[in-house]
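Quick look at work04.cif (mmCIF, C-alpha atoms):
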```cif
data_data
#
loop_
_atom_site.label_atom_id
_atom_site.label_comp_id
_atom_site.auth_asym_id
_atom_site.auth_seq_id
_atom_site.Cartn_x
_atom_site.Cartn_y
_atom_site.Cartn_z
CA MET A 28 0.00 0.00 0.00
CA THR A 29 1.54 3.21 -1.07
CA VAL A 30 0.75 6.33 -3.02
CA TYR A 31 2.45 5.97 -6.39
CA ARG A 32 3.75 9.16 -8.01
CA LYS A 33 5.17 10.01 -11.42
CA ILE A 34 6.23 13.30 -12.97
CA TYR A 35 5.84 13.95 -16.70
CA LYS A 36 6.45 16.95 -18.91
CA CYS A 37 3.25 17.26 -20.93
CA ARG A 38 2.01 19.34 -23.85
CA THR A 39 -0.66 21.92 -22.95
CA VAL A 40 -3.83 23.10 -24.69
CA GLY A 41 -6.01 26.18 -24.16
CA SER A 42 -4.74 29.50 -22.86
CA LYS A 43 -4.56 31.45 -19.65
CA ALA A 44 -6.37 34.37 -21.27
CA GLU A 45 -9.33 32.14 -22.10
CA GLY A 46 -9.19 30.62 -18.63
CA ASN A 47 -8.61 27.04 -19.80
CA LEU A 48 -4.85 26.45 -19.96
CA ARG A 49 -4.33 22.80 -19.07
CA PRO A 50 -2.21 19.74 -19.82
CA GLU A 51 -3.83 17.99 -22.78
CA ILE A 52 -3.70 14.62 -21.01
CA VAL A 53 -6.18 15.86 -18.40
CA ASP A 54 -8.93 15.59 -21.04
CA ARG A 55 -8.47 11.80 -21.06
CA LEU A 56 -7.26 11.07 -17.54
CA PRO A 57 -8.03 7.44 -16.59
CA THR A 58 -10.30 6.81 -13.60
CA GLY A 59 -8.25 6.41 -10.44
CA ILE A 60 -5.42 8.69 -11.55
CA ASN A 61 -5.19 12.20 -10.04
CA CYS A 62 -2.76 14.93 -10.91
CA CYS A 63 -1.33 18.27 -9.78
CA VAL A 64 0.44 20.73 -12.07
CA LEU A 65 3.84 21.76 -10.73
CA GLU A 66 4.86 24.26 -13.40
CA TYR A 67 3.59 25.88 -16.60
CA ASN A 68 5.37 27.38 -19.57
CA GLU A 69 2.57 28.70 -21.71
CA ALA A 70 4.87 30.25 -24.30
CA GLU A 71 6.53 26.93 -25.02
CA GLY A 72 3.33 24.95 -24.57
CA TRP A 73 4.28 22.55 -21.81
CA ALA A 74 3.53 21.81 -18.17
CA ILE A 75 5.20 19.66 -15.53
CA VAL A 76 2.53 17.41 -14.08
CA GLU A 77 2.73 15.03 -11.14
CA PHE A 78 0.30 12.12 -11.29
CA PHE A 79 -0.60 9.97 -8.30
CA CYS A 80 -2.73 6.97 -7.44
CA SER A 81 -3.06 4.18 -4.89
CA ASP A 82 -3.91 0.49 -4.83
CA HIS A 83 -5.04 0.48 -1.21
CA PRO A 84 -7.56 -2.35 -0.64
CA LEU A 85 -10.06 0.03 0.99
CA LEU A 86 -10.38 2.05 -2.19
CA GLU A 87 -13.21 1.06 -4.48
CA GLU A 88 -11.89 -1.42 -7.03
CA LYS A 89 -12.41 0.94 -9.97
CA PHE A 90 -10.19 3.55 -8.25
CA ARG A 91 -7.33 1.18 -7.41
CA LYS A 92 -4.37 1.91 -9.67
CA GLY A 93 -0.71 1.00 -9.38
CA ARG A 94 2.73 1.89 -10.65
CA ASP A 95 2.12 0.25 -14.03
CA ASP A 96 -0.90 2.46 -14.64
CA LEU A 97 1.25 5.55 -14.11
CA GLU A 98 3.95 4.15 -16.42
CA ARG A 99 1.35 3.62 -19.14
CA LEU A 100 0.60 7.37 -19.19
CA ARG A 101 4.01 7.78 -20.86
CA ALA A 102 2.46 6.37 -24.04
CA ASP A 103 0.02 9.27 -24.27
CA PRO A 104 0.92 11.36 -27.35
CA SER A 105 0.92 14.57 -25.29
CA VAL A 106 3.58 13.32 -22.85
CA ILE A 107 6.99 14.73 -23.82
CA GLU A 108 9.35 13.23 -21.26
CA THR A 109 9.67 11.68 -17.81
CA LEU A 110 11.24 13.65 -14.98
CA ALA A 111 12.80 12.06 -11.92
CA THR A 112 11.99 14.99 -9.69
CA HIS A 113 10.95 18.65 -9.67
CA PRO A 114 11.61 21.44 -7.13
CA ASN A 115 7.88 22.11 -6.72
CA SER A 116 7.09 18.48 -5.94
CA PRO A 117 6.23 18.33 -2.21
CA PRO A 118 7.38 15.50 0.09
CA VAL A 119 3.74 14.59 0.59
CA LEU A 120 1.63 15.30 -2.47
CA GLY A 121 -1.72 13.86 -1.47
CA GLY A 122 -3.66 11.00 -0.06
CA PHE A 123 -6.83 8.99 0.31
CA ALA A 124 -9.15 8.83 3.28
CA ILE A 125 -12.37 7.37 4.59
CA ARG A 126 -14.95 8.71 6.98
CA PRO A 127 -15.04 6.95 10.37
CA GLU A 128 -18.76 6.30 9.81
CA LEU A 129 -17.81 3.96 6.99
CA ALA A 130 -15.73 1.77 9.30
CA GLU A 131 -17.21 -1.35 10.81
CA ALA A 132 -14.34 -1.45 13.32
CA ILE A 133 -11.33 0.70 14.11
CA ASP A 134 -8.35 -0.74 15.99
CA GLU A 135 -6.29 2.32 16.87
CA THR A 136 -3.59 0.31 18.64
CA ALA A 137 -2.92 -1.81 15.59
CA GLY A 138 -3.66 1.07 13.23
CA GLU A 139 -6.24 -1.01 11.37
CA VAL A 140 -9.71 -0.36 10.12
CA MET A 141 -12.37 -2.68 8.71
CA VAL A 142 -14.60 -1.49 5.88
CA ARG A 143 -17.03 -3.69 3.95
CA GLY A 144 -15.49 -6.75 5.55
CA VAL A 145 -11.95 -5.78 4.46
CA ARG A 146 -9.41 -5.19 7.22
CA ALA A 147 -6.45 -2.94 6.33
CA LYS A 148 -3.93 -0.54 7.79
CA PHE A 149 -4.61 3.18 8.01
CA VAL A 150 -1.93 5.86 8.30
CA ARG A 151 -3.41 8.20 10.89
CA LYS A 152 -6.42 10.26 11.88
CA SER A 153 -6.54 13.62 10.17
CA PRO A 154 -7.16 16.78 12.23
CA GLU A 155 -9.27 17.95 9.29
CA PRO A 156 -12.80 16.72 10.12
CA ARG A 157 -13.81 16.32 6.51
CA ILE A 158 -10.98 13.88 5.83
CA GLY A 159 -11.33 11.43 8.71
CA LEU A 160 -9.02 8.42 8.59
CA ILE A 161 -6.13 8.68 6.17
CA ILE A 162 -5.64 5.26 4.63
CA ASP A 163 -2.82 6.15 2.27
CA GLU A 164 -0.62 9.21 1.88
CA GLY A 165 2.54 10.11 0.05
CA MET B 14 -26.19 51.27 40.18
CA ASN B 15 -22.65 49.91 40.48
CA LEU B 16 -19.65 51.72 39.05
CA ASN B 17 -19.06 49.29 36.17
CA ARG B 18 -22.59 49.70 34.86
CA LEU B 19 -22.31 53.44 35.17
CA LEU B 20 -19.06 53.45 33.21
CA ALA B 21 -20.59 51.22 30.57
CA LEU B 22 -23.44 53.68 30.13
CA LEU B 23 -21.04 56.58 29.78
CA LYS B 24 -18.91 54.81 27.16
CA PRO B 25 -19.65 56.11 23.66
CA LYS B 26 -21.34 53.52 21.47
CA PRO B 27 -20.52 53.00 17.80
CA LYS B 28 -22.95 54.73 15.51
CA PRO B 29 -25.31 52.23 13.88
CA ARG B 30 -24.91 52.05 10.12
CA PRO B 31 -27.87 51.31 7.88
CA ILE B 32 -27.37 48.48 5.42
CA TYR B 33 -28.75 48.88 1.95
CA VAL B 34 -28.90 46.44 -0.93
CA GLY B 35 -29.31 48.67 -3.93
CA ASP B 36 -31.86 51.20 -2.71
CA VAL B 37 -33.59 48.89 -0.28
CA PHE B 38 -32.94 49.24 3.44
CA VAL B 39 -32.46 45.76 4.87
CA GLY B 40 -31.11 46.28 8.37
CA TRP B 41 -28.62 47.78 10.77
CA ASP B 42 -24.98 47.21 11.56
CA ASP B 43 -23.93 48.73 14.90
CA GLY B 44 -20.26 48.22 14.19
CA LEU B 45 -19.54 45.41 16.61
CA PRO B 46 -18.78 41.80 15.82
CA ASN B 47 -21.88 39.66 15.49
CA SER B 48 -24.08 42.72 15.47
CA VAL B 49 -25.64 42.86 12.02
CA LYS B 50 -29.42 42.83 12.19
CA ILE B 51 -31.00 42.02 8.88
CA ASP B 52 -34.64 41.70 7.94
CA LYS B 53 -34.56 38.50 5.93
CA GLU B 54 -37.78 39.24 4.04
CA LYS B 55 -36.50 42.64 2.99
CA LEU B 56 -33.17 41.16 1.97
CA LEU B 57 -34.79 38.53 -0.22
CA GLU B 58 -37.09 41.18 -1.69
CA ALA B 59 -34.13 43.43 -2.40
CA ILE B 60 -31.97 40.81 -4.03
CA ALA B 61 -34.47 38.80 -6.03
CA PRO B 62 -35.38 41.24 -8.79
CA THR B 63 -31.86 42.57 -9.28
CA PRO B 64 -28.88 41.30 -11.24
CA TRP B 65 -27.25 40.56 -7.90
CA ILE B 66 -28.79 37.17 -7.80
CA GLY B 67 -26.94 36.20 -10.92
CA ARG B 68 -23.77 38.09 -10.16
CA ILE B 69 -23.24 37.83 -6.43
CA MET B 70 -24.81 34.40 -6.53
CA PRO B 71 -27.66 32.73 -4.85
CA PHE B 72 -25.69 33.29 -1.69
CA PHE B 73 -28.08 35.33 0.31
CA GLY B 74 -28.20 32.24 2.50
CA THR B 75 -26.89 32.27 5.96
CA ILE B 76 -23.77 32.79 7.91
CA VAL B 77 -23.77 31.04 11.22
CA SER B 78 -21.15 30.66 13.87
CA ASN B 79 -20.48 27.90 16.37
CA SER B 80 -23.07 25.82 14.65
CA GLN B 81 -23.68 23.49 11.79
CA GLU B 82 -27.22 24.77 11.42
CA VAL B 83 -26.53 26.12 8.00
CA ALA B 84 -30.00 26.03 6.58
CA THR B 85 -32.03 27.73 9.25
CA GLY B 86 -32.24 31.15 7.64
CA ASN B 87 -31.24 32.68 10.95
CA LEU B 88 -29.98 35.95 9.56
CA ASP B 89 -30.27 37.72 12.89
CA SER B 90 -27.04 36.08 13.95
CA ALA B 91 -25.25 36.86 10.74
CA VAL B 92 -21.81 38.37 10.96
CA PHE B 93 -21.32 39.47 7.42
CA ARG B 94 -21.18 42.73 5.61
CA TYR B 95 -22.96 42.91 2.34
CA TRP B 96 -20.81 45.33 0.42
CA HIS B 97 -23.16 46.29 -2.32
CA ASP B 98 -21.02 49.23 -3.32
CA THR B 99 -18.04 47.12 -4.29
CA ARG B 100 -19.91 43.90 -4.99
CA TRP B 101 -17.45 42.06 -2.80
CA LEU B 102 -18.92 39.88 -0.16
CA GLU B 103 -16.85 40.13 2.98
CA ILE B 104 -16.82 37.13 5.27
CA ASN B 105 -15.18 37.65 8.60
CA ASN B 106 -14.76 35.67 11.74
CA GLY B 107 -16.72 37.84 14.12
CA ILE B 108 -16.98 35.60 17.14
CA GLY B 109 -14.72 35.72 20.16
CA ALA B 110 -13.71 32.96 22.49
CA ALA B 111 -17.17 31.71 23.41
CA ASN B 112 -16.39 28.41 21.77
CA ALA B 113 -12.65 28.24 21.50
CA ASN B 114 -12.54 25.14 19.39
CA GLN B 115 -13.51 25.48 15.77
CA VAL B 116 -15.27 28.80 15.74
CA LYS B 117 -16.70 29.06 12.29
CA THR B 118 -18.34 31.43 9.94
CA TYR B 119 -20.22 30.04 7.01
CA LEU B 120 -21.77 31.49 3.97
CA TYR B 121 -23.98 28.74 2.68
CA SER B 122 -26.18 28.64 -0.35
CA PHE B 123 -29.61 27.09 -0.28
CA HIS B 124 -29.15 26.15 -3.93
CA ALA B 125 -27.86 22.67 -4.71
CA TYR B 126 -26.14 21.71 -7.95
CA LYS B 127 -25.17 18.41 -9.53
CA PHE B 128 -22.28 18.79 -11.98
CA GLY B 129 -21.37 21.92 -13.92
CA THR B 130 -18.68 24.55 -14.33
CA PHE B 131 -18.49 27.26 -11.68
CA ARG B 132 -16.42 30.42 -11.61
CA TRP B 133 -15.86 33.11 -8.97
CA ARG B 134 -13.31 35.58 -7.66
CA CYS B 135 -11.84 35.28 -4.22
CA TYR B 136 -8.99 36.18 -1.87
CA ASN B 137 -8.03 36.13 1.80
CA VAL B 138 -6.80 39.30 3.44
CA ALA B 139 -4.23 37.56 5.59
CA ARG B 140 -3.22 34.12 6.70
CA GLU B 141 -2.89 33.53 10.43
CA SER B 142 -1.77 30.52 12.36
CA GLY B 143 -4.63 28.43 13.67
CA ARG B 144 -7.14 29.70 11.12
CA SER B 145 -8.43 28.02 7.99
CA PHE B 146 -10.01 29.50 4.90
CA TYR B 147 -12.22 27.61 2.52
CA PRO B 148 -12.43 29.57 -0.72
CA LEU B 149 -14.97 27.03 -1.84
CA MET B 150 -16.75 23.99 -0.53
CA PHE B 151 -19.48 22.07 -2.25
CA GLU B 152 -21.11 20.00 0.44
CA THR B 153 -24.17 17.89 1.03
CA PRO B 154 -26.93 20.27 2.10
CA ILE B 155 -27.84 18.83 5.48
CA GLY B 156 -25.14 16.40 6.52
CA GLY B 157 -22.16 18.41 5.38
CA HIS B 158 -18.58 17.43 6.05
CA MET B 159 -19.07 14.22 4.06
CA VAL B 160 -21.52 13.03 6.71
CA PRO B 161 -24.52 11.30 5.17
CA PRO B 162 -27.76 13.29 5.52
CA PRO B 163 -30.65 11.89 7.58
CA SER B 164 -32.25 10.61 4.39
CA GLY B 165 -29.45 8.05 4.17
CA ASP B 166 -28.34 9.30 0.76
CA TYR B 167 -24.67 9.36 -0.01
CA ALA B 168 -22.84 12.55 0.88
CA GLY B 169 -20.16 14.23 -1.18
CA ALA B 170 -17.78 17.15 -1.13
CA ILE B 171 -15.59 19.23 -3.39
CA ILE B 172 -13.37 21.51 -1.35
CA ILE B 173 -10.62 24.04 -1.86
CA SER B 174 -8.91 24.88 1.41
CA ASP B 175 -6.22 27.24 2.58
CA LEU B 176 -4.87 25.71 5.77
CA VAL B 177 -2.16 28.39 6.09
CA THR B 178 0.63 25.84 5.83
CA ALA B 179 -0.78 24.38 2.62
CA THR B 180 -3.46 24.87 0.03
CA GLN B 181 -5.35 21.73 -0.82
CA TRP B 182 -8.18 20.29 -2.85
CA LEU B 183 -10.44 17.49 -1.68
CA CYS B 184 -12.87 15.38 -3.64
CA GLY B 185 -15.11 12.97 -1.77
CA TYR B 186 -18.14 10.76 -2.16
CA ALA B 187 -19.88 8.04 -0.16
CA GLY B 188 -17.46 8.21 2.73
CA SER B 189 -14.21 8.10 0.72
CA SER B 190 -12.10 11.03 -0.33
CA SER B 191 -8.91 11.96 -2.13
CA TYR B 192 -6.92 15.13 -1.60
CA ALA B 193 -3.66 16.79 -2.60
CA ASN B 194 -1.69 20.00 -2.32
CA PHE B 195 -1.97 22.86 -4.77
CA THR B 196 1.15 24.51 -6.06
CA GLY B 197 1.45 27.88 -7.75
CA TRP B 198 -1.51 29.58 -6.10
CA ASP B 199 -1.39 32.39 -3.55
CA PRO B 200 -4.81 32.65 -1.83
CA THR B 201 -4.01 36.13 -0.50
CA VAL B 202 -3.97 37.59 -4.00
CA GLU B 203 -7.26 38.24 -5.77
CA ASP B 204 -7.73 35.58 -8.39
CA GLU B 205 -10.34 33.84 -10.49
CA LEU B 206 -11.13 30.31 -9.37
CA LYS B 207 -13.00 27.74 -11.40
CA ILE B 208 -14.03 24.13 -11.05
CA GLU B 209 -15.28 21.80 -13.76
CA TRP B 210 -17.33 19.02 -12.20
CA THR B 211 -18.50 16.11 -14.35
CA SER B 212 -19.61 12.64 -13.35
CA ALA B 213 -16.08 11.34 -13.97
CA GLN B 214 -13.75 14.16 -12.98
CA VAL B 215 -13.23 17.39 -11.05
CA ASN B 216 -10.79 19.96 -12.48
CA TYR B 217 -9.53 22.83 -10.32
CA TYR B 218 -8.41 26.09 -11.95
CA THR B 219 -6.85 29.24 -10.52
CA GLY B 220 -5.93 32.27 -12.60
CA GLY B 221 -7.01 30.64 -15.85
CA THR B 222 -4.77 27.58 -15.45
CA LEU B 223 -5.60 24.08 -14.33
CA ARG B 224 -3.89 23.29 -11.04
CA ALA B 225 -5.19 19.82 -10.32
CA SER B 226 -7.54 17.14 -11.48
CA SER B 227 -9.23 14.30 -9.62
CA THR B 228 -10.90 11.18 -11.00
CA THR B 229 -11.36 9.37 -7.69
CA ASN B 230 -14.34 9.72 -5.39
CA VAL B 231 -16.08 12.27 -7.61
CA PRO B 232 -19.40 13.31 -6.01
CA GLN B 233 -22.48 11.95 -7.76
CA CYS B 234 -25.07 13.81 -5.68
CA PRO B 235 -26.36 17.41 -5.49
CA LEU B 236 -24.17 19.69 -3.42
CA CYS B 237 -24.54 23.22 -2.04
CA PRO B 238 -21.75 25.77 -2.48
CA CYS B 239 -20.41 27.21 0.73
CA PHE B 240 -17.60 29.44 1.97
CA GLU B 241 -16.16 29.16 5.43
CA LEU B 242 -13.64 30.63 7.83
CA ARG B 243 -12.59 28.67 10.85
CA GLN B 244 -10.47 28.91 13.96
CA ASP B 245 -8.71 25.76 15.02
CA GLY B 246 -7.98 25.41 18.70
CA SER B 247 -5.05 27.74 19.26
CA ALA B 248 -6.66 30.83 17.73
CA THR B 249 -9.51 31.77 20.03
CA ALA B 250 -10.02 35.48 19.63
CA TYR B 251 -11.77 37.59 17.08
CA SER B 252 -9.33 38.78 14.45
CA ALA B 253 -10.11 41.79 12.34
CA ARG B 254 -7.45 40.58 9.93
CA GLN B 255 -9.20 37.35 9.19
CA LYS B 256 -11.41 38.09 6.24
CA MET B 257 -12.22 36.46 2.98
CA TYR B 258 -13.74 38.23 0.01
CA VAL B 259 -15.88 36.55 -2.60
CA ARG B 260 -17.66 37.91 -5.64
CA ASP B 261 -19.29 36.95 -8.91
CA PHE B 262 -19.92 33.31 -8.16
CA GLU B 263 -21.74 31.90 -11.15
CA LYS B 264 -22.51 28.66 -12.90
CA ILE B 265 -21.20 29.11 -16.42
CA ALA B 266 -21.92 25.68 -17.91
#
```

What does the file become when written as structure tokens?
Amino acid sequence: MTVYRKIYKCRTVGSKAEGNLRPEIVDRLPTGINCCVLEYNEAEGWAIVEFFCSDHPLLEEKFRKGRDDLERLRADPSVIETLATHPNSPPVLGGFAIRPELAEAIDETAGEVMVRGVRAKFVRKSPEPRIGLIIDEG
Amino acid sequence: MNLNRLLALLKPKPKPRPIYVGDVFVGWDDGLPNSVKIDKEKLLEAIAPTPWIGRIMPFFGTIVSNSQEVATGNLDSAVFRYWHDTRWLEINNGIGAANANQVKTYLYSFHAYKFGTFRWRCYNVARESGRSFYPLMFETPIGGHMVPPPSGDYAGAIIISDLVTATQWLCGYAGSSSYANFTGWDPTVEDELKIEWTSAQVNYYTGGTLRASSTTNVPQCPLCPCFELRQDGSATAYSARQKMYVRDFEKIA
């Protein structure tokens, strides 16, 4: 269980003036893959985008994606190159969480939670009430 | 009469200021926190036939503090200033230390939406430790906070938050959520924000550029737009610096 991350330099479409400058790949982003834009260069038509996903067992099956799914994005015609790192990439980019109401049982000592009959580790409780139990973060 | 009461009587009081929406008088503001008195009927009457409803939004809802009762229409306890002259809606945290933990100010719309593209302008005056700004939340009308409503329907949320140490987006539905940090956005600078919400994806824009996109846990239920300021534990006093301005919220597609 981990949050998988990958940084790609991607071609952009739209414009800032029209309010729709974006990486082209966002128009066909597969379900389960999220992304954050780290840098734009509108003049040259590219953006540095960090994609992330998770295969945590408490995620709905359709949202579970792994490292291979991120690697496959490289084949998208709008992806220019792969970057190992970027100065704007934070140590923790994002995460996935569940509401405590969803849990059938929470074992705080073991750091485990049971949802829909599946027992799995959670990372921690978030101080942000809307987030609840963080099941994966990175 | 004791001395304290006598001194209180002698102390000059702030001059009450009438509040107008357009030409319609809707109430009084005596210049103190939590002191705006608004006639709800007059406010609705004043806003309804004007372009405000399309421009400033359907946000003549409610601001409440220390409470989740966001749909009560209790405008007597409102702590907002309706700045009709500038068209900015100022949201401030006007409550003191009565409830030190999570003192909140909401501006909540009664209108619920399911999917669409929404655009508005927004900024925070200042960021202070222990205080959170929510330049936008779409939440389930009654349950809120991703908590299922009494009807048992699924709850959802689309949130942009400025937690002082980080700016984040959150996308949640049916008890699960995903979130991540924004980069390249300064919430203290006036900017145009936009979200595109479809059944498969939520895209977050600031300043005409896409900042993030989420395809996990996208809400599939009607949600009400809402703005909120909050104090978290350590910050317990009213702060005149803590303000958020919002204007021109509109559904554009």

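If all atoms listed in the file are the atoms counted, then among A:Val150, A:Pro104, A:Glu69, A:Gly144 the closest residue to A:Asn47 is A:Glu69.
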
Closest pair table for stretch 45-107 of chain A residues within 7 Å of stretch 218-231 of chain B, all atoms listed in the file, as a tab-separated table:
```
residue	atom	partner	partner_atom	distance
A:Glu45	CA	B:Gly221	CA	6.8
A:Gly46	CA	B:Gly221	CA	3.5
A:Asn47	CA	B:Gly221	CA	5.6
A:Leu48	CA	B:Thr222	CA	4.7
A:Arg49	CA	B:Leu223	CA	5.1
A:Thr58	CA	B:Thr228	CA	5.1
A:Gly59	CA	B:Thr229	CA	5.1
A:Ile60	CA	B:Thr228	CA	6.0
A:Asn61	CA	B:Ser227	CA	4.6
A:Cys62	CA	B:Ser226	CA	5.3
A:Cys63	CA	B:Ala225	CA	4.2
A:Val64	CA	B:Arg224	CA	5.1
A:Phe90	CA	B:Thr229	CA	6.0
```

Counting only C-alpha atoms, which residues in chain A sit no more than 9 Å from chain B? For each one, give the nearest pair of atoms and the distance in Å, sorted by chain then residue number, as a tab-separated table.
```
residue	atom	partner	partner_atom	distance
A:Gly41	CA	B:Thr222	CA	8.9
A:Ser42	CA	B:Gly221	CA	7.5
A:Lys43	CA	B:Gly221	CA	4.6
A:Ala44	CA	B:Gly221	CA	6.6
A:Glu45	CA	B:Gly221	CA	6.8
A:Gly46	CA	B:Gly221	CA	3.5
A:Asn47	CA	B:Gly221	CA	5.6
A:Leu48	CA	B:Thr222	CA	4.7
A:Arg49	CA	B:Leu223	CA	5.1
A:Pro50	CA	B:Leu223	CA	7.8
A:Val53	CA	B:Ser226	CA	7.2
A:Leu56	CA	B:Thr228	CA	7.5
A:Pro57	CA	B:Thr228	CA	7.3
A:Thr58	CA	B:Thr228	CA	5.1
A:Gly59	CA	B:Thr229	CA	5.1
A:Ile60	CA	B:Thr228	CA	6.0
A:Asn61	CA	B:Ser227	CA	4.6
A:Cys62	CA	B:Ser226	CA	5.3
A:Cys63	CA	B:Ala225	CA	4.2
A:Val64	CA	B:Arg224	CA	5.1
A:Leu65	CA	B:Thr196	CA	6.1
A:Glu66	CA	B:Gly197	CA	7.5
A:Tyr67	CA	B:Thr222	CA	8.6
A:Val76	CA	B:Ala225	CA	8.9
A:Cys80	CA	B:Thr229	CA	9.0
A:Leu86	CA	B:Ser189	CA	7.7
A:Glu87	CA	B:Asn230	CA	8.8
A:Lys89	CA	B:Thr229	CA	8.8
A:Phe90	CA	B:Thr229	CA	6.0
A:Asn115	CA	B:Thr196	CA	7.2
A:Ser116	CA	B:Thr196	CA	8.5
A:Pro117	CA	B:Asn194	CA	8.1
A:Val119	CA	B:Asn194	CA	8.2
A:Leu120	CA	B:Ala193	CA	5.5
A:Gly121	CA	B:Ala193	CA	3.7
A:Gly122	CA	B:Tyr192	CA	5.5
A:Phe123	CA	B:Ser191	CA	4.4
A:Ala124	CA	B:Ser190	CA	5.2
A:Ile125	CA	B:Ser189	CA	4.3
A:Arg126	CA	B:Gly188	CA	5.0
A:Pro127	CA	B:Gly188	CA	8.1
A:Glu128	CA	B:Gly188	CA	7.4
A:Leu129	CA	B:Gly188	CA	6.0
A:Pro156	CA	B:His158	CA	7.1
A:Arg157	CA	B:His158	CA	4.9
A:Ile158	CA	B:Ser190	CA	6.9
```

Between atom CA of A:Thr39 and atom CA of A:Ala74, distance in Å (one decimal): 6.4 Å

One-decimal distance in Å that lies between atom CA of A:Glu51 and atom CA of A:Gly93: 21.9 Å

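Atom CA of B:Arg260 is positioned 18.4 Å from atom CA of B:Tyr126.
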
Given all atoms listed in the file as the counted atoms, nearest of A:Ile52, A:Ile133, A:Val106, A:Ala70 to A:Cys37: A:Val106

Picked residues, the PyMOL selection byres ((chain A and resi 137) around 12), expected as a VMD selection string: chain A and resid 132 to 136 138 to 141 146 to 151

Around all the atoms of stretch 139-149 of chain A listed in the file, draw an axis-aligned box and extend it by 5 Å on each of the six sides; I want its centre and edge lengths in Å to one decimal, as lines of an AutoDock Vina configuration file.
```
center_x = -10.5
center_y = -1.8
center_z = 7.7
size_x = 23.1
size_y = 19.9
size_z = 17.4
```

The PyMOL selection byres ((chain A and resi 34) around 6) resolved against shown file, as a PyMOL selection string: chain A and resi 33+35+76-77+110
